[in-house]
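Asks: Before I ask anything, here is the structure I am working with.
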Amino acid sequence: MSEALHEQESALIDGEVVRELADIPAVEVISRAAVMLMSSAAEKLGLGEADPATSPHLDLDEARRVITALAGLVTASVEYLGPHAGPIRDGLQSLQRAFREASAHPDAPGTGPGEKYTGPVY
């Protein structure tokens, strides 16, 4: 297969333009991963529903894991995020607070999901 044909195939999949992963800046990869983790945590906290407490997707154990992973990612990459760092940190803290509110027995400050990386969230 010629190199030109291979490049065309990698650029078009089902009629959509696909960027090569190597061409995407690191800050964009990190930001996209953070947004995906935030979205997952929000769903697992039931925040997509009018009444989160009755959401069929509510799963605090899963939310804890995703929020902790997000906190680790944000803490490890904050120096590379530039202007994206503030909004991502704010989103993380909002999810940590939502987790505390959704918990029947909230964790003590500093022991909630991801707080070993971010510090206590009140």
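Each chain in the structure tokens gets a letter, A, B and so on, in the order shown; residues start at 1 in every chain, and ligands are counted from 1 in the order they appear.
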So that I can check the surroundings of A:Ser40, please list as an mmCIF file with C-alpha atoms, in the first residue's frame every protein, DNA and RNA residue that reaches within 10 Å of it, counting only C-alpha atoms and ignoring chain neighbours fewer than 5 positions away.

Replies:
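What ended up in part28.cif:
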data_model
loop_
_atom_site.group_PDB
_atom_site.id
_atom_site.type_symbol
_atom_site.label_atom_id
_atom_site.label_comp_id
_atom_site.auth_asym_id
_atom_site.auth_seq_id
_atom_site.Cartn_x
_atom_site.Cartn_y
_atom_site.Cartn_z
ATOM 1 C CA ALA A 34 -10.225 15.389 32.256
ATOM 2 C CA VAL A 35 -13.509 16.319 30.577
ATOM 3 C CA LEU A 45 -23.510 11.224 40.771
ATOM 4 C CA GLY A 46 -26.861 11.476 38.990
ATOM 5 C CA GLU A 62 -17.954 4.309 40.843
ATOM 6 C CA ALA A 63 -18.108 8.105 41.247
ATOM 7 C CA VAL A 66 -13.564 8.406 38.745
ATOM 8 C CA ILE A 67 -13.216 11.539 40.896
#

Asks: Please extract the residues of chain A with a backbone DSSP assignment of strand (DSSP E) and present them as a list in words.

Replies: Leu12, Ile13, Glu16 and Val17 of chain A

Asks: Among chain A, which ones does DSSP assign to alpha helix (DSSP H) (computed from the backbone)? Answer as JSON, numbers by chain.

Replies: {"A": [3, 4, 5, 6, 7, 8, 9, 10, 11, 26, 27, 28, 29, 30, 31, 32, 33, 34, 35, 36, 37, 38, 39, 40, 41, 42, 43, 44, 60, 61, 62, 63, 64, 65, 66, 67, 68, 69, 70, 71, 72, 73, 74, 75, 76, 77, 78, 79, 80, 81, 85, 86, 87, 88, 89, 90, 91, 92, 93, 94, 95, 96, 97, 98, 99, 100, 101, 102, 115, 116, 117, 118]}

Asks: For A:Met38, work out the shell of residues within 10 Å, counting only C-alpha atoms and skipping chain neighbours fewer than 5 positions away, then give it as a PyMOL selection string.

Replies: chain A and resi 32-33+43-44+63+66-67+69-70+88+91-92+94-95

Asks: Pull N, CA and C atoms from the residues just selected and write them as an mmCIF file, in the first residue's frame.

Replies:
data_model
loop_
_atom_site.group_PDB
_atom_site.id
_atom_site.type_symbol
_atom_site.label_atom_id
_atom_site.label_comp_id
_atom_site.auth_asym_id
_atom_site.auth_seq_id
_atom_site.Cartn_x
_atom_site.Cartn_y
_atom_site.Cartn_z
ATOM 1 N N ARG A 32 -8.962 16.724 27.326
ATOM 2 C CA ARG A 32 -10.041 15.826 26.883
ATOM 3 C C ARG A 32 -10.242 14.685 27.883
ATOM 4 N N ALA A 33 -9.146 14.132 28.389
ATOM 5 C CA ALA A 33 -9.249 13.064 29.388
ATOM 6 C C ALA A 33 -9.949 13.590 30.643
ATOM 7 N N GLU A 43 -22.330 11.838 35.708
ATOM 8 C CA GLU A 43 -23.368 10.835 35.451
ATOM 9 C C GLU A 43 -23.516 9.895 36.637
ATOM 10 N N LYS A 44 -22.392 9.467 37.205
ATOM 11 C CA LYS A 44 -22.437 8.514 38.314
ATOM 12 C C LYS A 44 -22.935 9.166 39.612
ATOM 13 N N ALA A 63 -18.410 6.670 41.271
ATOM 14 C CA ALA A 63 -18.108 8.105 41.247
ATOM 15 C C ALA A 63 -16.829 8.392 42.027
ATOM 16 N N VAL A 66 -13.789 7.491 39.864
ATOM 17 C CA VAL A 66 -13.564 8.406 38.745
ATOM 18 C C VAL A 66 -13.071 9.763 39.250
ATOM 19 N N ILE A 67 -13.646 10.256 40.335
ATOM 20 C CA ILE A 67 -13.216 11.539 40.896
ATOM 21 C C ILE A 67 -11.770 11.446 41.384
ATOM 22 N N ALA A 69 -9.445 9.442 40.210
ATOM 23 C CA ALA A 69 -8.606 9.411 38.999
ATOM 24 C C ALA A 69 -8.467 10.809 38.408
ATOM 25 N N LEU A 70 -9.548 11.558 38.379
ATOM 26 C CA LEU A 70 -9.511 12.933 37.876
ATOM 27 C C LEU A 70 -8.591 13.793 38.733
ATOM 28 N N ILE A 88 -10.720 23.425 35.089
ATOM 29 C CA ILE A 88 -10.705 21.985 35.376
ATOM 30 C C ILE A 88 -10.673 21.754 36.882
ATOM 31 N N GLY A 91 -14.118 22.443 38.257
ATOM 32 C CA GLY A 91 -15.014 21.319 37.972
ATOM 33 C C GLY A 91 -14.770 20.158 38.912
ATOM 34 N N LEU A 92 -13.514 19.871 39.175
ATOM 35 C CA LEU A 92 -13.161 18.799 40.110
ATOM 36 C C LEU A 92 -13.725 19.090 41.498
ATOM 37 N N SER A 94 -16.216 20.979 42.300
ATOM 38 C CA SER A 94 -17.683 20.884 42.257
ATOM 39 C C SER A 94 -18.131 19.432 42.356
ATOM 40 N N LEU A 95 -17.431 18.556 41.678
ATOM 41 C CA LEU A 95 -17.771 17.132 41.751
ATOM 42 C C LEU A 95 -17.496 16.575 43.142
#

Asks: Quick one: distance from atom CA of A:Gly48 to atom CA of A:Ala98 in Å, one decimal?

Replies: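 That distance, rounded to one decimal, is 12.3 Å.
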
Asks: List as a VMD selection string the protein and nucleic acid residues near A:Ser103, meaning an atom at most 12 Å away when only C-alpha atoms are counted, but skip any in the same chain fewer than 3 places from it.

Replies: chain A and resid 45 52 to 53 58 to 61 63 to 64 96 to 100 106 to 108 112 to 113
